[in-house]
>>> print(open('protein_2.cif').read())   # mmCIF, N, CA and C atoms
data_run
loop_
_atom_site.label_atom_id
_atom_site.label_comp_id
_atom_site.auth_asym_id
_atom_site.auth_seq_id
_atom_site.Cartn_x
_atom_site.Cartn_y
_atom_site.Cartn_z
N HIS Y 168 10.83 5.61 5.18
CA HIS Y 168 10.66 6.87 4.45
C HIS Y 168 9.23 7.38 4.49
N GLY Y 169 8.31 6.48 4.77
CA GLY Y 169 6.93 6.90 4.90
C GLY Y 169 6.75 7.87 6.06
N GLU Y 170 7.59 7.70 7.11
CA GLU Y 170 7.50 8.60 8.26
C GLU Y 170 7.92 10.01 7.88
N VAL Y 171 8.93 10.13 7.04
CA VAL Y 171 9.40 11.45 6.60
C VAL Y 171 8.29 12.14 5.80
N ALA Y 172 7.66 11.40 4.92
CA ALA Y 172 6.57 11.97 4.13
C ALA Y 172 5.42 12.38 5.05
N ASP Y 173 5.11 11.56 6.06
CA ASP Y 173 4.06 11.91 7.02
C ASP Y 173 4.39 13.21 7.75
N VAL Y 174 5.63 13.35 8.18
CA VAL Y 174 6.04 14.55 8.90
C VAL Y 174 5.91 15.78 8.01
N LEU Y 175 6.37 15.68 6.77
CA LEU Y 175 6.26 16.82 5.85
C LEU Y 175 4.79 17.19 5.61
N CYS Y 176 3.94 16.20 5.46
CA CYS Y 176 2.52 16.47 5.23
C CYS Y 176 1.88 17.11 6.46
N GLU Y 177 2.24 16.61 7.65
CA GLU Y 177 1.68 17.18 8.87
C GLU Y 177 2.16 18.60 9.08
N LEU Y 178 3.43 18.87 8.81
CA LEU Y 178 3.94 20.24 8.92
C LEU Y 178 3.22 21.18 7.95
N ALA Y 179 2.96 20.69 6.75
CA ALA Y 179 2.24 21.51 5.78
C ALA Y 179 0.81 21.76 6.24
N ASP Y 180 0.18 20.75 6.84
CA ASP Y 180 -1.18 20.92 7.35
C ASP Y 180 -1.23 21.96 8.47
N LEU Y 181 -0.17 22.01 9.26
CA LEU Y 181 -0.09 22.99 10.35
C LEU Y 181 0.40 24.35 9.87
N ASN Y 182 0.74 24.44 8.59
CA ASN Y 182 1.32 25.65 8.00
C ASN Y 182 2.62 26.02 8.71
N ALA Y 183 3.37 25.00 9.11
CA ALA Y 183 4.65 25.18 9.79
C ALA Y 183 5.77 24.94 8.80
N TYR Y 184 5.91 25.83 7.83
CA TYR Y 184 6.89 25.65 6.77
C TYR Y 184 8.25 26.14 7.22
N ASP Y 185 9.24 25.28 7.05
CA ASP Y 185 10.63 25.62 7.31
C ASP Y 185 11.43 25.08 6.12
N ALA Y 186 11.97 25.98 5.31
CA ALA Y 186 12.62 25.60 4.06
C ALA Y 186 13.73 24.55 4.25
N PRO Y 187 14.65 24.72 5.22
CA PRO Y 187 15.70 23.69 5.39
C PRO Y 187 15.14 22.31 5.75
N THR Y 188 14.08 22.28 6.56
CA THR Y 188 13.47 21.00 6.95
C THR Y 188 12.85 20.33 5.73
N PHE Y 189 12.10 21.09 4.95
CA PHE Y 189 11.47 20.53 3.76
C PHE Y 189 12.51 20.12 2.73
N LYS Y 190 13.59 20.88 2.62
CA LYS Y 190 14.65 20.52 1.67
C LYS Y 190 15.30 19.20 2.08
N ALA Y 191 15.61 19.05 3.36
CA ALA Y 191 16.23 17.81 3.84
C ALA Y 191 15.26 16.63 3.67
N GLY Y 192 13.98 16.87 3.94
CA GLY Y 192 12.99 15.81 3.80
C GLY Y 192 12.82 15.35 2.37
N THR Y 193 12.74 16.30 1.45
CA THR Y 193 12.57 15.90 0.05
C THR Y 193 13.82 15.24 -0.51
N GLU Y 194 14.99 15.67 -0.05
CA GLU Y 194 16.23 15.02 -0.50
C GLU Y 194 16.31 13.58 -0.01
N SER Y 195 15.84 13.33 1.22
CA SER Y 195 15.89 11.95 1.73
C SER Y 195 14.82 11.08 1.08
N LEU Y 196 13.74 11.70 0.61
CA LEU Y 196 12.66 10.93 -0.01
C LEU Y 196 12.87 10.64 -1.49
N GLU Y 197 13.74 11.38 -2.14
CA GLU Y 197 13.86 11.28 -3.60
C GLU Y 197 14.13 9.86 -4.08
N ARG Y 198 15.00 9.14 -3.42
CA ARG Y 198 15.31 7.77 -3.84
C ARG Y 198 14.20 6.79 -3.48
N ALA Y 199 13.38 7.12 -2.48
CA ALA Y 199 12.35 6.19 -2.01
C ALA Y 199 10.98 6.46 -2.62
N LEU Y 200 10.87 7.45 -3.49
CA LEU Y 200 9.56 7.79 -4.06
C LEU Y 200 8.86 6.62 -4.75
N PRO Y 201 9.56 5.80 -5.54
CA PRO Y 201 8.85 4.69 -6.19
C PRO Y 201 8.25 3.68 -5.21
N ASP Y 202 8.80 3.61 -3.99
CA ASP Y 202 8.31 2.66 -3.00
C ASP Y 202 7.12 3.18 -2.20
N LEU Y 203 6.88 4.49 -2.26
CA LEU Y 203 5.76 5.05 -1.50
C LEU Y 203 4.43 4.71 -2.18
N PRO Y 204 3.40 4.45 -1.39
CA PRO Y 204 2.08 4.20 -1.99
C PRO Y 204 1.58 5.44 -2.72
N GLU Y 205 0.72 5.22 -3.71
CA GLU Y 205 0.24 6.32 -4.53
C GLU Y 205 -0.49 7.37 -3.69
N ALA Y 206 -1.27 6.92 -2.71
CA ALA Y 206 -1.99 7.87 -1.85
C ALA Y 206 -1.02 8.78 -1.11
N MET Y 207 0.09 8.23 -0.65
CA MET Y 207 1.08 9.03 0.07
C MET Y 207 1.78 10.00 -0.89
N ARG Y 208 2.07 9.55 -2.11
CA ARG Y 208 2.69 10.46 -3.10
C ARG Y 208 1.76 11.62 -3.41
N ASN Y 209 0.46 11.33 -3.57
CA ASN Y 209 -0.51 12.39 -3.85
C ASN Y 209 -0.61 13.36 -2.68
N ARG Y 210 -0.62 12.81 -1.47
CA ARG Y 210 -0.69 13.66 -0.28
C ARG Y 210 0.55 14.53 -0.16
N LEU Y 211 1.72 13.95 -0.44
CA LEU Y 211 2.97 14.70 -0.38
C LEU Y 211 2.99 15.80 -1.43
N GLU Y 212 2.54 15.49 -2.63
CA GLU Y 212 2.51 16.49 -3.69
C GLU Y 212 1.60 17.66 -3.30
N GLY Y 213 0.45 17.35 -2.72
CA GLY Y 213 -0.46 18.39 -2.26
C GLY Y 213 0.13 19.23 -1.15
N ALA Y 214 0.85 18.58 -0.24
CA ALA Y 214 1.47 19.30 0.87
C ALA Y 214 2.55 20.25 0.37
N LEU Y 215 3.35 19.80 -0.58
CA LEU Y 215 4.41 20.65 -1.12
C LEU Y 215 3.84 21.84 -1.89
N LYS Y 216 2.73 21.62 -2.58
CA LYS Y 216 2.07 22.73 -3.27
C LYS Y 216 1.48 23.71 -2.27
N LYS Y 217 0.94 23.19 -1.18
CA LYS Y 217 0.29 24.03 -0.18
C LYS Y 217 1.26 25.03 0.44
N VAL Y 218 2.46 24.57 0.72
CA VAL Y 218 3.45 25.46 1.34
C VAL Y 218 4.34 26.13 0.29
N LYS Y 219 4.07 25.85 -0.97
CA LYS Y 219 4.81 26.44 -2.10
C LYS Y 219 6.32 26.19 -1.99
N HIS Y 220 6.65 24.95 -1.65
CA HIS Y 220 8.05 24.57 -1.54
C HIS Y 220 8.60 24.19 -2.91
N ASP Y 221 9.72 24.80 -3.28
CA ASP Y 221 10.38 24.46 -4.53
C ASP Y 221 11.34 23.31 -4.25
N CYS Y 222 10.91 22.11 -4.62
CA CYS Y 222 11.70 20.92 -4.29
C CYS Y 222 12.68 20.56 -5.40
N GLY Y 223 12.73 21.33 -6.45
CA GLY Y 223 13.68 21.06 -7.53
C GLY Y 223 13.07 20.19 -8.60
N SER Y 224 13.62 20.32 -9.77
CA SER Y 224 13.07 19.60 -10.92
C SER Y 224 13.30 18.09 -10.83
N SER Y 225 14.40 17.66 -10.20
CA SER Y 225 14.68 16.23 -10.13
C SER Y 225 13.67 15.53 -9.22
N PHE Y 226 13.31 16.17 -8.09
CA PHE Y 226 12.33 15.57 -7.19
C PHE Y 226 10.95 15.56 -7.85
N THR Y 227 10.59 16.67 -8.49
CA THR Y 227 9.30 16.74 -9.17
C THR Y 227 9.21 15.69 -10.27
N ALA Y 228 10.29 15.52 -11.02
CA ALA Y 228 10.30 14.51 -12.08
C ALA Y 228 10.17 13.11 -11.48
N ALA Y 229 10.87 12.86 -10.37
CA ALA Y 229 10.79 11.54 -9.73
C ALA Y 229 9.40 11.30 -9.17
N LEU Y 230 8.77 12.34 -8.64
CA LEU Y 230 7.41 12.22 -8.11
C LEU Y 230 6.42 11.91 -9.23
N LYS Y 231 6.56 12.58 -10.35
CA LYS Y 231 5.68 12.34 -11.50
C LYS Y 231 5.95 10.97 -12.12
N ALA Y 232 7.21 10.58 -12.21
CA ALA Y 232 7.56 9.29 -12.81
C ALA Y 232 7.02 8.13 -11.98
N SER Y 233 7.13 8.24 -10.66
CA SER Y 233 6.63 7.15 -9.83
C SER Y 233 5.11 7.13 -9.82
N ALA Y 234 4.48 8.29 -9.96
CA ALA Y 234 3.02 8.33 -10.01
C ALA Y 234 2.52 7.74 -11.32
N GLY Y 235 3.25 7.91 -12.39
CA GLY Y 235 2.84 7.38 -13.68
C GLY Y 235 3.09 5.90 -13.84
N SER Y 236 3.87 5.30 -12.93
CA SER Y 236 4.20 3.89 -13.08
C SER Y 236 3.03 2.98 -12.73
N SER Y 237 2.04 3.51 -12.00
CA SER Y 237 0.92 2.67 -11.61
C SER Y 237 -0.33 3.04 -12.40
N LYS Y 238 -0.22 3.04 -13.70
CA LYS Y 238 -1.34 3.39 -14.57
C LYS Y 238 -2.40 2.31 -14.51
N ASP Y 239 -3.63 2.75 -14.64
CA ASP Y 239 -4.76 1.84 -14.67
C ASP Y 239 -4.90 1.36 -16.11
N SER Y 240 -4.77 0.07 -16.32
CA SER Y 240 -4.77 -0.46 -17.69
C SER Y 240 -6.17 -0.90 -18.14
N ARG Y 241 -7.17 -0.70 -17.28
CA ARG Y 241 -8.53 -1.11 -17.65
C ARG Y 241 -9.15 -0.11 -18.63
N GLU Y 242 -10.14 -0.59 -19.35
CA GLU Y 242 -10.88 0.25 -20.29
C GLU Y 242 -11.73 1.26 -19.50
N ALA Y 243 -11.93 2.45 -20.07
CA ALA Y 243 -12.71 3.49 -19.40
C ALA Y 243 -14.18 3.07 -19.29
N CYS Y 244 -14.79 3.38 -18.17
CA CYS Y 244 -16.19 3.04 -17.93
C CYS Y 244 -17.09 4.09 -18.59
N PRO Y 245 -17.85 3.71 -19.61
CA PRO Y 245 -18.69 4.70 -20.28
C PRO Y 245 -19.82 5.22 -19.40
N LEU Y 246 -20.30 4.40 -18.48
CA LEU Y 246 -21.37 4.85 -17.59
C LEU Y 246 -20.88 5.89 -16.59
N PHE Y 247 -19.63 5.76 -16.16
CA PHE Y 247 -19.08 6.72 -15.21
C PHE Y 247 -19.02 8.10 -15.84
N TRP Y 248 -18.61 8.17 -17.08
CA TRP Y 248 -18.46 9.48 -17.75
C TRP Y 248 -19.80 10.09 -18.11
N LYS Y 249 -20.87 9.28 -18.06
CA LYS Y 249 -22.21 9.83 -18.24
C LYS Y 249 -22.87 10.09 -16.89
N GLY Y 250 -22.14 9.78 -15.80
CA GLY Y 250 -22.68 9.99 -14.46
C GLY Y 250 -23.68 8.93 -14.04
N GLN Y 251 -23.59 7.73 -14.64
CA GLN Y 251 -24.59 6.71 -14.37
C GLN Y 251 -24.03 5.40 -13.82
N CYS Y 252 -22.74 5.34 -13.50
CA CYS Y 252 -22.16 4.10 -12.98
C CYS Y 252 -22.57 3.93 -11.52
N LYS Y 253 -23.18 2.79 -11.23
CA LYS Y 253 -23.65 2.52 -9.88
C LYS Y 253 -22.65 1.69 -9.07
N TRP Y 254 -21.57 1.25 -9.69
CA TRP Y 254 -20.65 0.33 -9.03
C TRP Y 254 -19.59 1.04 -8.20
N GLY Y 255 -19.26 2.27 -8.53
CA GLY Y 255 -18.25 3.01 -7.77
C GLY Y 255 -16.91 2.31 -7.79
N PRO Y 256 -16.24 2.16 -6.62
CA PRO Y 256 -14.93 1.53 -6.59
C PRO Y 256 -14.94 0.04 -6.92
N ARG Y 257 -16.12 -0.58 -6.91
CA ARG Y 257 -16.21 -2.00 -7.25
C ARG Y 257 -16.36 -2.23 -8.75
N CYS Y 258 -16.41 -1.15 -9.52
CA CYS Y 258 -16.58 -1.27 -10.98
C CYS Y 258 -15.36 -1.96 -11.59
N LYS Y 259 -15.63 -2.83 -12.56
CA LYS Y 259 -14.54 -3.57 -13.21
C LYS Y 259 -13.84 -2.73 -14.26
N LEU Y 260 -14.44 -1.61 -14.63
CA LEU Y 260 -13.84 -0.70 -15.60
C LEU Y 260 -13.22 0.49 -14.88
N SER Y 261 -12.41 1.25 -15.59
CA SER Y 261 -11.66 2.34 -14.98
C SER Y 261 -12.48 3.63 -14.90
N HIS Y 262 -12.37 4.32 -13.77
CA HIS Y 262 -12.96 5.64 -13.61
C HIS Y 262 -11.87 6.70 -13.62
N ASP Y 263 -10.72 6.37 -14.14
CA ASP Y 263 -9.56 7.25 -14.16
C ASP Y 263 -9.60 8.17 -15.38
N GLN Y 264 -9.24 9.43 -15.16
CA GLN Y 264 -9.23 10.42 -16.24
C GLN Y 264 -8.26 10.00 -17.36
N ASP Y 265 -7.11 9.46 -16.99
CA ASP Y 265 -6.12 9.05 -18.00
C ASP Y 265 -6.66 7.91 -18.88
N ALA Y 266 -7.39 6.98 -18.29
CA ALA Y 266 -7.96 5.88 -19.07
C ALA Y 266 -8.98 6.41 -20.07
N PHE Y 267 -9.77 7.38 -19.63
CA PHE Y 267 -10.76 7.98 -20.53
C PHE Y 267 -10.06 8.70 -21.68
N GLU Y 268 -9.04 9.48 -21.36
CA GLU Y 268 -8.33 10.23 -22.40
C GLU Y 268 -7.62 9.31 -23.38
N SER Y 269 -7.02 8.24 -22.89
CA SER Y 269 -6.32 7.32 -23.80
C SER Y 269 -7.30 6.57 -24.69
N SER Y 270 -8.46 6.18 -24.14
CA SER Y 270 -9.44 5.49 -24.99
C SER Y 270 -10.07 6.46 -25.99
N ALA Y 271 -10.20 7.72 -25.64
CA ALA Y 271 -10.71 8.71 -26.59
C ALA Y 271 -9.70 8.96 -27.70
N ARG Y 272 -8.40 9.00 -27.35
CA ARG Y 272 -7.35 9.19 -28.35
C ARG Y 272 -7.28 8.00 -29.31
N GLU Y 273 -7.41 6.78 -28.75
CA GLU Y 273 -7.32 5.57 -29.57
C GLU Y 273 -8.56 5.37 -30.43
N GLY Y 274 -9.64 6.05 -30.09
CA GLY Y 274 -10.87 5.93 -30.85
C GLY Y 274 -11.77 4.81 -30.38
N SER Y 275 -11.45 4.17 -29.26
CA SER Y 275 -12.30 3.08 -28.77
C SER Y 275 -13.50 3.60 -27.99
N TRP Y 276 -13.45 4.85 -27.54
CA TRP Y 276 -14.58 5.44 -26.83
C TRP Y 276 -15.33 6.36 -27.77
N LYS Y 277 -16.62 6.20 -27.81
CA LYS Y 277 -17.47 7.04 -28.64
C LYS Y 277 -18.47 7.76 -27.75
N ALA Y 278 -18.76 8.98 -28.09
CA ALA Y 278 -19.76 9.73 -27.34
C ALA Y 278 -21.12 9.08 -27.56
N PRO Y 279 -22.01 9.11 -26.57
CA PRO Y 279 -23.33 8.50 -26.74
C PRO Y 279 -24.08 9.07 -27.95
N SER Y 280 -23.91 10.34 -28.23
CA SER Y 280 -24.59 10.94 -29.38
C SER Y 280 -24.05 10.39 -30.70
N ALA Y 281 -22.77 10.00 -30.70
CA ALA Y 281 -22.18 9.45 -31.93
C ALA Y 281 -22.68 8.03 -32.20
N LEU Y 282 -23.13 7.34 -31.16
CA LEU Y 282 -23.62 5.98 -31.32
C LEU Y 282 -25.08 5.94 -31.75
N GLY Y 283 -25.76 7.07 -31.68
CA GLY Y 283 -27.16 7.12 -32.06
C GLY Y 283 -28.10 6.66 -30.97
N ASN Y 284 -27.56 6.42 -29.77
CA ASN Y 284 -28.42 5.99 -28.66
C ASN Y 284 -29.21 7.18 -28.12
N LYS Y 285 -30.42 6.92 -27.72
CA LYS Y 285 -31.24 7.96 -27.12
C LYS Y 285 -31.10 7.90 -25.61
N SER Y 286 -31.32 9.02 -24.98
CA SER Y 286 -31.25 9.09 -23.53
C SER Y 286 -32.41 8.31 -22.92
N VAL Y 287 -32.12 7.60 -21.83
CA VAL Y 287 -33.16 6.88 -21.11
C VAL Y 287 -33.27 7.41 -19.69
N GLY Y 288 -32.73 8.60 -19.46
CA GLY Y 288 -32.77 9.19 -18.13
C GLY Y 288 -34.18 9.38 -17.62
N PHE Y 289 -35.11 9.65 -18.54
CA PHE Y 289 -36.50 9.85 -18.12
C PHE Y 289 -37.09 8.58 -17.51
N LYS Y 290 -36.62 7.40 -17.94
CA LYS Y 290 -37.12 6.15 -17.37
C LYS Y 290 -36.65 6.00 -15.92
N GLN Y 291 -35.41 6.42 -15.66
CA GLN Y 291 -34.89 6.32 -14.30
C GLN Y 291 -35.64 7.26 -13.37
N SER Y 292 -35.92 8.48 -13.81
CA SER Y 292 -36.62 9.42 -12.94
C SER Y 292 -38.08 9.02 -12.77
N ALA Y 293 -38.66 8.33 -13.76
CA ALA Y 293 -40.05 7.88 -13.63
C ALA Y 293 -40.19 6.85 -12.53
N ASP Y 294 -39.12 6.09 -12.25
CA ASP Y 294 -39.17 5.10 -11.18
C ASP Y 294 -39.37 5.76 -9.81
N LEU Y 295 -39.00 7.01 -9.68
CA LEU Y 295 -39.15 7.69 -8.40
C LEU Y 295 -40.61 7.87 -8.02
N PHE Y 296 -41.49 7.85 -9.00
CA PHE Y 296 -42.89 8.14 -8.74
C PHE Y 296 -43.77 6.88 -8.77
N LYS Y 297 -43.14 5.73 -8.75
CA LYS Y 297 -43.89 4.47 -8.71
C LYS Y 297 -44.13 4.08 -7.27
N GLU Y 298 -45.23 3.38 -7.04
CA GLU Y 298 -45.51 2.89 -5.71
C GLU Y 298 -44.71 1.62 -5.46
N ASP Y 299 -44.28 1.43 -4.23
CA ASP Y 299 -43.60 0.19 -3.90
C ASP Y 299 -44.65 -0.85 -3.48
N ARG Y 300 -44.22 -2.01 -3.02
CA ARG Y 300 -45.15 -3.10 -2.69
C ARG Y 300 -46.11 -2.73 -1.56
N CYS Y 301 -45.69 -1.84 -0.69
CA CYS Y 301 -46.54 -1.44 0.44
C CYS Y 301 -47.52 -0.33 0.05
N GLY Y 302 -47.39 0.18 -1.15
CA GLY Y 302 -48.28 1.25 -1.59
C GLY Y 302 -47.76 2.64 -1.28
N ALA Y 303 -46.53 2.72 -0.74
CA ALA Y 303 -45.96 4.03 -0.43
C ALA Y 303 -45.41 4.65 -1.69
N LEU Y 304 -45.65 5.92 -1.84
CA LEU Y 304 -45.15 6.64 -3.00
C LEU Y 304 -43.83 7.29 -2.63
N TRP Y 305 -42.79 6.99 -3.35
CA TRP Y 305 -41.47 7.54 -3.02
C TRP Y 305 -41.20 8.78 -3.78
#
>>> encode(input="protein_2.cif", output="structure tokens")
Amino acid sequence: HGEVADVLCELADLNAYDAPTFKAGTESLERALPDLPEAMRNRLEGALKKVKHDCGSSFTAALKASAGSSKDSREACPLFWKGQCKWGPRCKLSHDQDAFESSAREGSWKAPSALGNKSVGFKQSADLFKEDRCGALW
């Protein structure tokens, strides 16, 4: 079924929309949506939006349901939301919007201003003007 999704995405990229082809493709994919990788589901959703294909409410619901089944259960990374996380994809905390929203709803995430912490951004930018061991100014 991954091949069908690939074909639909490639046709959308080429702007080669054919309603019967897309209808047959989405009908054959509906049962296999939970088995598709999340990246492929996202790509397929983007392709269907691009060509403005109405795939029906049952397919859309199945696409959303399978996408929601792989929720990130990690706590939201507070540094990421301040734009200061240096770990990127290797971070042990979640950079997912849903994780941030759920932790904000539960009350476990607090804004930096609510914690009374002061900004230390000036210390990071001051490092740019320090000399390194060779005496070069960066």
>>> atom_distance(input="protein_2.cif", atom1="CA of Glu212 in chain Y", atom2="atom C of Thr227 in chain Y")
9.4 Å
>>> resolve_selection(input="protein_2.cif", expression="the PyMOL selection byres (((chain Y and resi 215 and name CA) around 12) and name CA)", output="count of residues only")
36
>>> resolve_selection(input="protein_2.cif", expression="the PyMOL selection byres (((chain Y and resi 270 and name CA) around 12) and name CA)", output="VMD selection string")
chain Y and resid 239 to 245 261 to 269 271 to 278
>>> atom_distance(input="protein_2.cif", atom1="CA of Pro204 in chain Y", atom2="CA of Trp254 in chain Y")
24.1 Å
>>> atom_distance(input="protein_2.cif", atom1="atom C of Trp248 in chain Y", atom2="atom C of Leu260 in chain Y")
12.1 Å
>>> select_by_dssp(input="protein_2.cif", residues="range 182-288 of chain Y", states="helix (DSSP H, G or I)", output="PyMOL selection string")
chain Y and resi 186-202+205-217+224-235+245-248+255-257+264-273+279-282+288
>>> axis_aligned_box(input="protein_2.cif", around="range 179-192 of chain Y", padding_each_side="5 Å", output="lines of an AutoDock Vina configuration file")
center_x = 7.5
center_y = 20.7
center_z = 6.0
size_x = 27.5
size_y = 20.8
size_z = 18.7
>>> closest_residue(input="protein_2.cif", among="Y:Leu246, Y:Cys258, Y:His168, Y:Cys252", to="Ala199 in chain Y", atoms="all atoms listed in the file")
Y:His168
>>> closest_residue(input="protein_2.cif", among="Y:Glu197, Y:Ala191, Y:Gly169, Y:Lys249", to="Ser225 in chain Y", atoms="all atoms listed in the file")
Y:Glu197
